[in-house]
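One structure is given below, encoded as structure tokens.
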Amino acid sequence: MNAYVPEEDILSKEPMWKHTTFRVGGEADCFVRISSPSQLAGLIPRLKENGIPWFIMGNGSNLLVGDKGFRGVILQIGSKMGALSKEGSRIRAGAGALLSATAKYAMEQGLAGLEFASGIPGTVGGGVMMNAGAYGGEMKQVIRSVTVLDENGRVYELDSDAMEFGYRTSVIKRRRLIVLEAVMALEAGDKEEIRAKMEELAARRKEKQPLEFASAGSTFKRPEGYFAGKLIMEAGLRGYGVGGARVSEKHCGFVINAGEACAADIAAVIKEVRRRVKEHSGISLEPEVIFLGDFT
């Protein structure tokens, strides 16, 4: 490990509650702060050869880590791989750049089209993998190419068609590729109009979403033809809780850490919500949240 990453960026028995927006999670055996693609290209094949479980994370905004932690290596792609640059009407963004910071940078450059991402708490890498979206916008609408790393340490580029974007998924997720950077095609716009649009979306989020609580954002994918929050409310689950976790009363599509929740509490709420919505409406809700670790 030290052959690729400085010792100060390798943490043993690291509590994962420090690194997720749910603010829960046990210890990872090893937590590595990644600062360059070359570190990943060196580490990933070695971990694979030695049969060591590994997981790539960004801002931890869509991640629920079990209370027993993770028996393996977590590789965090953060701000040191978050460079942003403008190339005409395109933005080149490192995987570790926050989507909110990328949207703000685009605005400052007078480029429109990324306003929808201004309130998404994840990174570019995670956003590309999940085809993140909000308020009618999705990453697939702006992505033109993505540079990726595979498990064998090979780096190559995928165009937007090869990304196979779907609702909250992409080829990145299905083939376990790692996003290194992405190029987004935007349009010239008026800086103040772009700023006003971002402020309008921020006000809508504040009004409708439980931003005052720790959460992973929308907990469930939107079933085709339905809204998850409405289905949950109709099943009588507004405010339903287990331990310190509960369904938000402000927006039923959010499961929140209302205070001192553990991962098991959140998982139990998600499980019961899925069961009762299925029982009430016949609709199967699929979590947007990624579960990492042991939840038995």
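Simple scheme: letters A, B, ... for chains in structure tokens order, numbers from 1 for residues in each chain, numbers from 1 for ligands in the order shown.
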For stretch 167-241 of chain A versus stretch 258-269 of chain A, which residues have an atom no more than 9 Å away, and what is each residue's nearest atom pair and distance in Å rounded to one decimal, using only C-alpha atoms, chain-then-number order, as CSV?
residue,atom,partner,partner_atom,distance
A:Phe213,CA,A:Ala258,CA,6.2
A:Ala214,CA,A:Ala258,CA,7.2
A:Ser215,CA,A:Ala258,CA,8.9
A:Tyr240,CA,A:Val269,CA,7.6
A:Gly241,CA,A:Val269,CA,6.4
I'd like to know which residues of stretch 7-243 of chain A are strand (DSSP E) (by DSSP, run on the backbone); could you write them as a ChimeraX atom specification? /A:10-15,27-34,54-57,63-65,70-77,84-87,90-94,111-112,133-134,137-138,143-149,155-159,178-185,187-188,214-215,241-242
May I have the residues within 7 Å of stretch 284-295 of chain A as a PyMOL selection string, using only C-alpha atoms and disregarding those fewer than 5 positions away in the same chain? chain A and resi 62-66+68-70+219-221+223+274+278
Using only C-alpha atoms, determine which residues lie at most 10 Å from A:Glu192, disregarding the query and same-chain residues fewer than 5 positions distant; provide the list as a PDB file with C-alpha atoms, in the first residue's frame.
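Saved file out_6.pdb follows:
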ATOM      1  CA  MET A 107     -22.161  29.329 -13.503  1.00  0.00           C
ATOM      2  CA  GLU A 108     -19.060  31.466 -12.923  1.00  0.00           C
ATOM      3  CA  GLY A 110     -21.314  31.639 -17.883  1.00  0.00           C
ATOM      4  CA  LYS A 197     -32.062  29.391 -11.377  1.00  0.00           C
ATOM      5  CA  MET A 198     -29.711  27.774  -8.850  1.00  0.00           C
TER       6      MET A 198
END
Backbone DSSP call of alpha helix (DSSP H) for stretch 97-283 of chain A, listed as an MDAnalysis selection string: chainID A and resid 99:108 124:130 171:175 191:208 228:234 263:281
Which residue out of A:Val183, A:Ala216, A:Ala103, A:Ala41 has the minimum interatomic distance to A:Gly60 when only C-alpha atoms are used? A:Ala216
Taking only C-alpha atoms into account, which of A:Ala117, A:Ala95, A:Ala112, A:Ala245 comes nearest A:Arg23?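 Answer, going by the shortest atom-to-atom distance: A:Ala245.
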Considering only C-alpha atoms, state which residue in the set A:Gly26, A:Val277, A:Ser12, A:Ile74 is at the smallest distance from A:Glu234. A:Val277
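Nearest residue to A:Ile194, choosing from A:Leu111, A:Ala235, A:Val247, A:Ala132 and counting only C-alpha atoms: A:Leu111.
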List as an NGL selection string the protein and nucleic acid residues near A:Ala3, meaning an atom at most 12 Å away when only C-alpha atoms are counted, but skip any in the same chain fewer than 4 places from it. :A and (7 or 10 or 38-40 or 42-43 or 46)
Could you turn the residues from that selection into a file that holds N, CA and C atoms, as an mmCIF file, in the first residue's frame?
data_model
loop_
_atom_site.group_PDB
_atom_site.id
_atom_site.type_symbol
_atom_site.label_atom_id
_atom_site.label_comp_id
_atom_site.auth_asym_id
_atom_site.auth_seq_id
_atom_site.Cartn_x
_atom_site.Cartn_y
_atom_site.Cartn_z
ATOM 1 N N GLU A 7 1.924 7.445 3.643
ATOM 2 C CA GLU A 7 1.453 6.825 4.885
ATOM 3 C C GLU A 7 0.368 7.644 5.567
ATOM 4 N N ILE A 10 -3.243 6.789 4.644
ATOM 5 C CA ILE A 10 -3.723 5.428 4.903
ATOM 6 C C ILE A 10 -4.149 5.342 6.367
ATOM 7 N N SER A 38 -2.906 7.542 -10.829
ATOM 8 C CA SER A 38 -1.814 6.565 -10.794
ATOM 9 C C SER A 38 -1.841 5.732 -9.518
ATOM 10 N N GLN A 39 -2.284 6.341 -8.407
ATOM 11 C CA GLN A 39 -2.419 5.575 -7.165
ATOM 12 C C GLN A 39 -3.449 4.464 -7.333
ATOM 13 N N LEU A 40 -4.565 4.808 -7.934
ATOM 14 C CA LEU A 40 -5.612 3.805 -8.171
ATOM 15 C C LEU A 40 -5.134 2.722 -9.126
ATOM 16 N N GLY A 42 -2.245 1.641 -9.553
ATOM 17 C CA GLY A 42 -1.309 0.751 -8.878
ATOM 18 C C GLY A 42 -1.992 -0.138 -7.860
ATOM 19 N N LEU A 43 -2.937 0.436 -7.121
ATOM 20 C CA LEU A 43 -3.560 -0.287 -6.005
ATOM 21 C C LEU A 43 -4.599 -1.320 -6.426
ATOM 22 N N ARG A 46 -3.466 -4.793 -7.464
ATOM 23 C CA ARG A 46 -2.836 -5.499 -6.340
ATOM 24 C C ARG A 46 -3.898 -6.034 -5.379
#
